[in-house]
>>> print(open('start-v5.txt').read())   # compact mmCIF, C-alpha atoms and all ligand atoms
# COMPACT_ATOMS: atom_id res chain seq x y z
CA MET A 168 29.05 15.80 -4.12
CA ALA A 169 27.15 16.08 -0.84
CA THR A 170 23.87 14.19 -0.44
CA LYS A 171 20.96 16.65 -0.10
CA VAL A 172 18.76 15.76 2.87
CA PHE A 173 15.45 17.31 3.97
CA ILE A 174 14.29 16.59 7.53
CA ASP A 175 10.49 16.97 7.53
CA GLY A 176 9.61 17.75 11.16
CA ASP A 177 13.03 19.12 12.07
CA ALA A 178 11.52 21.23 14.87
CA GLY A 179 10.40 18.12 16.77
CA THR A 180 12.26 15.89 19.20
CA THR A 181 13.53 13.26 16.74
CA GLY A 182 14.09 15.69 13.87
CA LEU A 183 16.13 18.08 15.97
CA GLU A 184 18.38 15.27 17.18
CA ILE A 185 18.97 14.09 13.61
CA ARG A 186 19.76 17.65 12.49
CA GLU A 187 22.32 17.97 15.29
CA ARG A 188 23.95 14.66 14.35
CA LEU A 189 24.24 15.70 10.67
CA ALA A 190 25.20 19.36 11.19
CA ALA A 191 28.97 18.91 11.01
CA ARG A 192 28.95 16.37 8.15
CA ALA A 193 30.72 17.46 4.96
CA ASP A 194 29.03 14.66 2.96
CA ILE A 195 25.50 15.84 3.85
CA GLU A 196 23.84 19.09 2.83
CA ILE A 197 20.76 19.82 4.93
CA VAL A 198 18.04 21.55 2.94
CA ALA A 199 15.70 23.14 5.48
CA ILE A 200 12.26 24.67 5.24
CA PRO A 201 11.65 27.99 7.09
CA PHE A 202 9.94 27.26 10.45
CA GLU A 203 6.78 29.22 9.58
CA LYS A 204 6.38 27.26 6.31
CA ARG A 205 7.03 23.81 7.75
CA LYS A 206 3.40 22.72 7.24
CA ASP A 207 2.99 24.53 3.88
CA VAL A 208 2.34 21.83 1.29
CA GLU A 209 3.61 23.80 -1.74
CA ALA A 210 6.86 24.77 -0.01
CA LYS A 211 7.31 21.16 1.05
CA ARG A 212 6.65 19.80 -2.45
CA ALA A 213 9.34 22.08 -3.95
CA ILE A 214 11.91 20.98 -1.37
CA LEU A 215 11.04 17.30 -1.77
CA ALA A 216 11.64 17.56 -5.52
CA SER A 217 15.09 19.06 -4.90
CA VAL A 218 16.65 16.59 -2.45
CA ASP A 219 18.11 13.08 -2.56
CA VAL A 220 16.67 11.84 0.74
CA ALA A 221 13.79 13.03 2.93
CA ILE A 222 13.73 11.95 6.58
CA LEU A 223 10.23 12.08 8.06
CA CYS A 224 10.07 12.94 11.78
CA LEU A 225 6.34 13.56 11.92
CA PRO A 226 3.19 12.19 13.50
CA ASP A 227 1.88 9.24 11.45
CA ALA A 228 -0.84 11.20 9.61
CA ALA A 229 1.59 13.91 8.50
CA ALA A 230 4.14 11.27 7.43
CA LYS A 231 1.48 9.66 5.20
CA GLU A 232 0.77 13.08 3.64
CA THR A 233 4.44 13.61 2.79
CA VAL A 234 4.67 10.12 1.32
CA ALA A 235 1.65 10.94 -0.89
CA LEU A 236 3.35 14.16 -2.02
CA CYS A 237 6.43 12.15 -2.96
CA ALA A 238 4.39 9.54 -4.82
CA ALA A 239 2.94 12.36 -6.96
CA LEU A 240 6.47 13.52 -7.84
CA GLY A 241 7.22 10.30 -9.72
CA ASP A 242 10.88 10.05 -10.75
CA ALA A 243 11.66 13.37 -9.03
CA ALA A 244 10.76 11.89 -5.63
CA PRO A 245 13.54 11.56 -3.07
CA ARG A 246 14.36 8.34 -1.25
CA LEU A 247 12.47 8.22 2.05
CA LEU A 248 13.47 7.36 5.60
CA ASP A 249 10.35 7.48 7.78
CA ALA A 250 10.85 7.65 11.56
CA SER A 251 7.10 7.47 12.27
CA THR A 252 5.09 4.32 12.90
CA ALA A 253 3.12 4.72 9.67
CA HIS A 254 5.05 2.32 7.41
CA ARG A 255 6.83 -0.12 9.71
CA VAL A 256 4.93 -3.15 8.40
CA ALA A 257 3.75 -1.63 5.11
CA PRO A 258 4.42 -3.39 1.80
CA GLY A 259 7.13 -1.73 -0.29
CA TRP A 260 9.06 -0.48 2.76
CA VAL A 261 12.29 -1.98 4.07
CA TYR A 262 12.52 -2.20 7.86
CA GLY A 263 15.34 0.02 9.04
CA PHE A 264 16.94 -2.31 11.58
CA PRO A 265 20.23 -3.34 9.93
CA GLU A 266 21.09 -5.83 12.71
CA LEU A 267 17.81 -7.76 12.17
CA CYS A 268 19.32 -10.61 10.14
CA ALA A 269 21.90 -11.35 7.46
CA GLY A 270 21.21 -9.20 4.40
CA GLN A 271 19.13 -6.52 6.16
CA ALA A 272 21.84 -3.85 6.03
CA GLU A 273 22.19 -4.47 2.30
CA ALA A 274 18.41 -4.25 1.87
CA VAL A 275 18.39 -0.87 3.66
CA ALA A 276 21.29 0.32 1.51
CA ALA A 277 19.40 -0.46 -1.70
CA ALA A 278 15.92 0.68 -0.62
CA LYS A 279 13.94 3.59 -1.99
CA ARG A 280 11.75 3.61 1.15
CA VAL A 281 13.01 2.73 4.62
CA ALA A 282 10.85 2.64 7.79
CA ASN A 283 13.07 3.46 10.75
CA VAL A 284 12.57 0.95 13.57
CA GLY A 285 10.62 2.08 16.67
CA CYS A 286 12.30 2.64 20.04
CA TYR A 287 10.70 -0.16 22.10
CA ALA A 288 10.72 -2.35 19.00
CA THR A 289 14.50 -1.94 18.70
CA GLY A 290 15.05 -3.49 22.13
CA SER A 291 12.31 -6.10 21.79
CA ILE A 292 13.28 -7.38 18.35
CA ALA A 293 16.98 -7.29 19.23
CA LEU A 294 16.23 -9.66 22.13
CA LEU A 295 13.75 -11.94 20.37
CA ARG A 296 14.74 -12.41 16.73
CA PRO A 297 18.14 -14.08 17.32
CA LEU A 298 16.48 -16.57 19.69
CA VAL A 299 13.63 -17.39 17.31
CA ASP A 300 16.15 -17.86 14.48
CA ALA A 301 18.25 -20.14 16.74
CA GLY A 302 15.20 -22.22 17.74
CA LEU A 303 15.57 -21.19 21.40
CA ILE A 304 12.16 -19.51 21.44
CA GLN A 305 9.27 -20.94 19.47
CA PRO A 306 7.18 -18.49 17.40
CA ASP A 307 4.07 -19.17 19.53
CA GLN A 308 5.93 -18.89 22.88
CA PRO A 309 3.83 -16.98 25.47
CA LEU A 310 5.96 -13.87 26.15
CA THR A 311 5.81 -10.72 28.24
CA ILE A 312 7.85 -7.65 27.28
CA ASN A 313 8.33 -5.04 30.00
CA ALA A 314 9.86 -1.68 29.19
CA VAL A 315 10.61 1.73 30.63
CA SER A 316 11.30 4.85 28.56
CA GLY A 317 12.39 8.39 29.35
CA TYR A 318 9.62 10.91 28.77
CA SER A 319 11.14 12.24 25.51
CA GLY A 320 9.75 9.03 23.96
CA GLY A 321 6.36 10.74 23.99
CA GLY A 322 7.57 13.69 21.87
CA ARG A 323 7.04 17.42 22.44
CA GLN A 324 3.73 17.15 24.31
CA MET A 325 4.96 14.63 26.85
CA ILE A 326 8.23 16.53 27.30
CA GLU A 327 6.30 19.71 28.05
CA ALA A 328 4.03 17.94 30.55
CA TYR A 329 6.96 16.36 32.42
CA GLU A 330 9.09 19.52 32.39
CA LYS A 331 6.17 21.56 33.77
CA GLY A 332 6.19 19.20 36.75
CA GLU A 333 2.69 17.90 35.97
CA ALA A 334 3.61 14.26 35.52
CA PRO A 335 4.12 11.40 37.99
CA ALA A 336 7.53 9.98 38.94
CA PHE A 337 6.71 6.71 37.18
CA GLU A 338 3.68 5.38 35.35
CA LEU A 339 2.56 2.28 33.52
CA TYR A 340 0.58 3.02 30.37
CA ALA A 341 -0.95 1.33 27.31
CA LEU A 342 -2.75 -1.00 29.73
CA GLY A 343 -5.48 -1.36 27.11
CA LEU A 344 -2.88 -3.78 25.63
CA GLU A 345 -3.06 -2.40 22.08
CA HIS A 346 0.30 -0.60 21.84
CA LYS A 347 1.31 0.60 18.37
CA HIS A 348 4.64 -1.26 18.51
CA ILE A 349 3.18 -4.76 18.78
CA PRO A 350 2.67 -5.37 15.02
CA GLU A 351 6.28 -4.60 14.15
CA ILE A 352 7.60 -6.56 17.14
CA MET A 353 5.62 -9.62 16.02
CA ALA A 354 6.43 -9.28 12.33
CA TYR A 355 10.18 -8.84 12.65
CA SER A 356 10.68 -11.19 15.61
CA LYS A 357 8.72 -13.80 13.59
CA LEU A 358 6.26 -14.35 16.46
CA THR A 359 2.90 -15.95 15.76
CA ALA A 360 1.56 -15.43 19.31
CA ARG A 361 0.92 -11.85 20.41
CA PRO A 362 3.25 -10.91 23.27
CA LEU A 363 1.98 -8.99 26.29
CA PHE A 364 3.68 -5.58 26.12
CA VAL A 365 3.81 -3.48 29.30
CA PRO A 366 5.51 -0.10 28.71
CA SER A 367 6.14 2.58 31.31
CA VAL A 368 7.54 6.10 31.53
CA GLY A 369 9.95 7.33 34.17
CA ASN A 370 10.51 10.93 35.15
CA PHE A 371 13.82 11.22 33.31
CA ARG A 372 14.29 12.74 29.84
CA GLN A 373 15.82 9.86 27.96
CA GLY A 374 17.02 6.30 28.40
CA MET A 375 15.31 2.92 27.90
CA LEU A 376 15.32 -0.62 29.24
CA VAL A 377 13.37 -3.42 27.55
CA SER A 378 13.23 -6.65 29.56
CA ILE A 379 11.81 -10.11 28.86
CA PRO A 380 11.59 -12.65 31.70
CA LEU A 381 11.79 -16.30 30.66
CA ALA A 382 11.48 -19.61 32.47
CA LEU A 383 14.20 -21.69 30.81
CA ASP A 384 12.25 -24.91 31.22
CA ALA A 385 9.39 -23.46 29.17
CA LEU A 386 11.67 -23.05 26.14
CA PRO A 387 12.21 -25.67 23.43
CA GLY A 388 15.10 -27.97 24.35
CA LYS A 389 15.26 -26.46 27.89
CA PRO A 390 18.44 -24.47 27.18
CA LYS A 391 20.85 -22.94 29.66
CA ALA A 392 21.06 -19.17 29.95
CA ALA A 393 24.59 -19.54 28.54
CA ASP A 394 23.09 -20.95 25.30
CA ILE A 395 21.01 -17.80 24.96
CA GLU A 396 23.98 -15.53 25.53
CA ALA A 397 26.01 -17.54 23.00
CA ALA A 398 23.24 -17.10 20.40
CA TYR A 399 23.37 -13.32 20.95
CA ARG A 400 27.16 -13.27 20.71
CA ARG A 401 26.98 -15.11 17.38
CA HIS A 402 24.21 -12.87 16.05
CA TYR A 403 25.81 -9.55 17.03
CA ALA A 404 29.46 -10.43 16.27
CA GLY A 405 30.80 -7.53 14.21
CA ALA A 406 27.71 -5.32 14.69
CA PRO A 407 29.16 -1.86 15.30
CA HIS A 408 26.26 -0.53 17.38
CA VAL A 409 25.07 -3.56 19.39
CA ARG A 410 27.14 -5.16 22.17
CA VAL A 411 26.44 -8.27 24.22
CA VAL A 412 27.63 -7.38 27.73
CA GLU A 413 28.21 -9.70 30.68
CA ALA A 414 25.40 -9.14 33.20
CA PRO A 415 26.70 -7.23 36.24
CA GLU A 416 26.88 -9.31 39.43
CA THR A 417 25.05 -6.55 41.29
CA GLY A 418 21.91 -7.63 39.42
CA ARG A 419 21.10 -3.95 38.78
CA LEU A 420 20.95 -1.90 35.59
CA ASP A 421 20.83 1.88 35.16
CA ALA A 422 18.40 2.90 32.38
CA LEU A 423 20.33 6.09 31.61
CA ALA A 424 23.81 4.64 31.11
CA LEU A 425 23.80 4.79 27.28
CA ASN A 426 22.31 8.27 27.01
CA GLY A 427 24.00 10.39 24.37
CA THR A 428 25.16 7.31 22.43
CA ASP A 429 23.76 5.57 19.34
CA ASP A 430 24.46 2.08 20.70
CA MET A 431 22.53 -0.72 22.38
CA GLU A 432 23.64 -3.28 24.98
CA ILE A 433 22.19 -6.78 25.45
CA PHE A 434 22.33 -8.56 28.84
CA VAL A 435 21.33 -12.05 29.94
CA PHE A 436 20.67 -12.10 33.70
CA ALA A 437 20.33 -15.66 34.99
CA ASN A 438 19.71 -17.82 38.00
CA GLU A 439 20.46 -21.36 36.75
CA ALA A 440 19.42 -22.94 40.05
CA GLN A 441 15.95 -21.47 39.63
CA ARG A 442 16.08 -21.96 35.79
CA HIS A 443 15.07 -18.31 35.37
CA THR A 444 16.51 -15.65 33.08
CA VAL A 445 15.75 -12.03 32.27
CA LEU A 446 16.89 -10.67 28.90
CA VAL A 447 17.51 -6.93 28.82
CA ALA A 448 18.24 -4.41 26.08
CA ARG A 449 19.52 -0.98 27.12
CA LEU A 450 19.50 1.99 24.76
CA ASP A 451 18.86 5.72 24.52
CA ASN A 452 15.32 6.03 23.10
CA LEU A 453 16.48 9.11 21.17
CA GLY A 454 19.77 7.44 20.09
CA LYS A 455 19.62 3.83 18.88
CA GLY A 456 15.85 4.08 19.50
CA ALA A 457 15.27 6.92 17.01
CA SER A 458 17.69 9.54 15.70
CA GLY A 459 20.92 7.55 16.00
CA ALA A 460 19.26 4.64 14.19
CA ALA A 461 18.01 7.03 11.49
CA VAL A 462 21.55 8.30 10.87
CA GLN A 463 22.84 4.71 10.73
CA ASN A 464 20.18 3.92 8.11
CA LEU A 465 20.92 7.11 6.19
CA ASP A 466 24.60 6.18 6.11
CA LEU A 467 23.73 2.77 4.66
CA MET A 468 21.41 4.38 2.08
CA THR A 469 24.05 6.88 0.96
CA GLY A 470 27.05 4.56 1.28
CA ALA A 471 28.76 6.91 3.75
N1 LIG A 501 10.56 10.51 20.61
C1 LIG A 501 11.01 9.28 20.41
O1 LIG A 501 11.71 8.69 21.26
C2 LIG A 501 10.71 8.56 19.12
C3 LIG A 501 9.83 9.08 18.17
N2 LIG A 501 9.64 8.38 16.99
C4 LIG A 501 8.67 8.79 15.97
O2 LIG A 501 9.09 9.99 15.36
C5 LIG A 501 7.96 10.76 14.99
C6 LIG A 501 8.14 12.15 15.58
O3 LIG A 501 8.14 11.99 16.99
P1 LIG A 501 8.75 13.09 17.95
O4 LIG A 501 9.91 13.75 17.32
O5 LIG A 501 8.93 12.42 19.25
O6 LIG A 501 7.49 14.08 18.03
P2 LIG A 501 7.42 15.65 18.30
O7 LIG A 501 6.02 15.91 18.67
O8 LIG A 501 8.49 16.06 19.25
O9 LIG A 501 7.75 16.27 16.88
C7 LIG A 501 6.91 16.16 15.77
C8 LIG A 501 7.12 17.42 14.95
O10 LIG A 501 6.39 17.34 13.74
C9 LIG A 501 5.78 18.62 13.52
N3 LIG A 501 4.70 18.46 12.58
C10 LIG A 501 3.44 18.00 12.79
N4 LIG A 501 2.73 18.00 11.63
C11 LIG A 501 3.57 18.47 10.66
C12 LIG A 501 3.46 18.69 9.26
N5 LIG A 501 2.31 18.43 8.61
N6 LIG A 501 4.53 19.17 8.59
C13 LIG A 501 5.68 19.45 9.23
N7 LIG A 501 5.87 19.27 10.56
C14 LIG A 501 4.82 18.78 11.26
C15 LIG A 501 5.37 19.06 14.89
O11 LIG A 501 5.09 20.43 14.94
P3 LIG A 501 3.97 20.95 15.97
O12 LIG A 501 4.38 20.43 17.31
O13 LIG A 501 4.05 22.44 15.82
O14 LIG A 501 2.68 20.36 15.48
C16 LIG A 501 6.63 18.68 15.69
O15 LIG A 501 7.62 19.69 15.60
C17 LIG A 501 6.71 10.07 15.54
O16 LIG A 501 6.02 9.47 14.50
C18 LIG A 501 7.27 9.06 16.54
O17 LIG A 501 6.48 7.87 16.55
C19 LIG A 501 10.36 7.27 16.71
C20 LIG A 501 11.21 6.73 17.63
C21 LIG A 501 11.36 7.29 18.95
C1 LIG A 502 7.05 7.11 26.22
C2 LIG A 502 6.17 7.03 25.00
O1 LIG A 502 5.06 7.51 24.96
N1 LIG A 502 6.67 6.38 23.97
C3 LIG A 502 5.95 6.20 22.74
C4 LIG A 502 6.84 5.43 21.82
C5 LIG A 502 7.80 6.30 21.14
C6 LIG A 502 7.31 6.69 19.76
O2 LIG A 502 6.28 7.26 19.54
O3 LIG A 502 8.06 6.40 18.78
P1 LIG A 502 8.18 5.08 17.99
O4 LIG A 502 6.88 4.42 18.05
O5 LIG A 502 8.42 5.48 16.65
O6 LIG A 502 9.31 4.40 18.64
C7 LIG A 502 4.69 5.40 22.88
O7 LIG A 502 4.63 4.51 23.69
O8 LIG A 502 3.79 5.61 22.04
>>> encode(input="start-v5.txt", output="structure tokens")
Amino acid sequence: MATKVFIDGDAGTTGLEIRERLAARADIEIVAIPFEKRKDVEAKRAILASVDVAILCLPDAAAKETVALCAALGDAAPRLLDASTAHRVAPGWVYGFPELCAGQAEAVAAAKRVANVGCYATGSIALLRPLVDAGLIQPDQPLTINAVSGYSGGGRQMIEAYEKGEAPAFELYALGLEHKHIPEIMAYSKLTARPLFVPSVGNFRQGMLVSIPLALDALPGKPKAADIEAAYRRHYAGAPHVRVVEAPETGRLDALALNGTDDMEIFVFANEAQRHTVLVARLDNLGKGASGAAVQNLDLMTGA
């Protein structure tokens, strides 16, 4: 029998992409709410009580409201997969990043409530956690994370602003240094020192690069860049959606190259003579950074 899935927020950027990915699936039955009733609490409650899984693609406040509706349904509540930021470090939620560590995919598969990983957090944690686990970065290492996203990362409002031609070609933002992704990056990378996070938006719809510069001599044991790449190759061996790729000799990387895919690539750029390295994760913010990751988590939850 097909798994019944309700996408709350299916008119938005992330929800629409998930709906498109699931449309042709025989094992999934999408139960949709009419557009004009999408914020109607009674209509939503009835649908929630009738489905196996609800995927929340909503602003944080609306996601919390839907979770409260589900809590009131008791045993009739569906399993939840929340794409918002609301529950990423909340107790009782499993973090929906199956490649995080051994056992995480199994935890997602068994969970009643899964918080889908954030887009920048996907790249950041993918670069940091394997190195912390391998002892190549210490938890209190001073770190800077630089990142650029396509404008779809800002949802409908940012898409409209960019497509009206009202936005700059490139901008840094969150320079108040309180970005919403920092708590999940710290928690799941096992960092005790707060990293500096410097995101930016480029005038392209989708695509993302997350990069972390490191002085090799500042790391415990003063490793070679090759030790870092080897740690990634061990960590991601057999991961279907994450590849460790040899850094191109051009020393350049196109942020849009994985657009339309649900995968992520990891690169270790190095200059051993200078003892400098830059770690880079490349992904589509709407693919492995959001909707593709949600479908991967849904597949684990349903055993597809
Ligand atoms: N875009 C991205 O790259 C990523 C986004 N996310 C997360 O996914 C979530 C959704 O983001 P995104 O898709 O970009 O945002 P959008 O603004 O594109 O979409 C959000 C949708 O939710 C609708 N909505 C708002 N309130 C309610 C409600 N009470 N009931 C039903 N629908 C409602 C909005 O309708 P209306 O516009 O009419 O209010 C809109 O269609 C966010 O929490 C974001 O953090 C996660 C990873 C990456
Ligand atoms: C370009 C842009 O504005 N990006 C968003 C991040 C994307 C998002 O809101 O989603 P997640 O937090 O769930 O990944 C931001 O920086 O707030």
>>> residues_near_ligand(input="start-v5.txt", ligand="ligand LIG 501 (chain A)", cutoff="8 Å", atoms="only C-alpha atoms and all ligand atoms", output="JSON, numbers by chain")
{"A": [175, 176, 177, 178, 179, 180, 181, 182, 183, 205, 206, 207, 223, 224, 225, 226, 227, 228, 229, 230, 232, 233, 250, 251, 252, 253, 283, 284, 285, 286, 319, 320, 321, 322, 323, 324, 373, 452, 453, 456, 457, 458]}
>>> residues_around(input="start-v5.txt", residues="A:Ala277", least_positions_apart="4", cutoff="9 Å", atoms="all atoms listed in the file", output="NGL selection string")
:A and (272-273 or 467-468)
>>> atom_distance(input="start-v5.txt", atom1="atom CA of A:Pro297", atom2="atom CA of A:Arg400")
9.7 Å
>>> closest_residue(input="start-v5.txt", among="A:Pro245, A:Gly374, A:Gly259, A:Pro335", to="A:Leu420", atoms="all atoms listed in the file")
A:Gly374
>>> closest_residue(input="start-v5.txt", among="A:Ser316, A:Ser291, A:Gln305, A:Ser217", to="ligand LIG 502 (chain A)", atoms="only C-alpha atoms and all ligand atoms")
A:Ser316
>>> residues_around(input="start-v5.txt", residues="stretch 430-446 of chain A", least_positions_apart="5", cutoff="7 Å", atoms="only C-alpha atoms", output="JSON, numbers by chain")
{"A": [294, 378, 379, 380, 381, 382, 383, 384, 392, 396, 408, 409, 410, 411, 412, 413, 414, 455]}
>>> closest_atom_pairs(input="start-v5.txt", of="stretch 215-289 of chain A", to="stretch 348-361 of chain A", cutoff="8 Å", atoms="all atoms listed in the file", output="CSV")
residue,atom,partner,partner_atom,distance
A:Thr252,CA,A:His348,CA,7.9
A:Arg255,CA,A:Glu351,CA,6.3
A:Val256,CA,A:Glu351,CA,6.1
A:Leu267,CA,A:Tyr355,CA,7.7
A:Gly285,CA,A:His348,CA,7.1
A:Tyr287,CA,A:His348,CA,7.1
A:Ala288,CA,A:Ile352,CA,5.6
>>> closest_residue(input="start-v5.txt", among="A:Val368, A:Ala328, A:Lys347, A:Val198", to="A:Lys211", atoms="all atoms listed in the file")
A:Val198
>>> closest_residue(input="start-v5.txt", among="A:Lys389, A:Arg186, A:His346, A:Lys279", to="ligand LIG 502 (chain A)", atoms="all atoms listed in the file")
A:His346
>>> residues_around(input="start-v5.txt", residues="A:Phe371", least_positions_apart="6", cutoff="12 Å", atoms="all atoms listed in the file", output="PyMOL selection string")
chain A and resi 315-321+325-326+329-330+332+334-338+421-423+426+451-452
>>> atom_distance(input="start-v5.txt", atom1="atom CA of A:Ala239", atom2="atom O4 of ligand LIG 502 (chain A)")
26.5 Å
>>> closest_residue(input="start-v5.txt", among="A:Ala190, A:Ala314, A:Val218, A:Leu303", to="ligand LIG 502 (chain A)", atoms="only C-alpha atoms and all ligand atoms")
A:Ala314
>>> closest_residue(input="start-v5.txt", among="A:Gln271, A:Gln308, A:Thr170, A:Ser367", to="ligand LIG 502 (chain A)", atoms="all atoms listed in the file")
A:Ser367
>>> atom_distance(input="start-v5.txt", atom1="atom CA of A:Tyr399", atom2="atom CA of A:Leu298")
7.7 Å
>>> axis_aligned_box(input="start-v5.txt", around="stretch 354-362 of chain A", padding_each_side="6 Å", output="JSON")
{"center_x": 5.8, "center_y": -12.4, "center_z": 17.8, "size_x": 21.8, "size_y": 19.1, "size_z": 22.9}
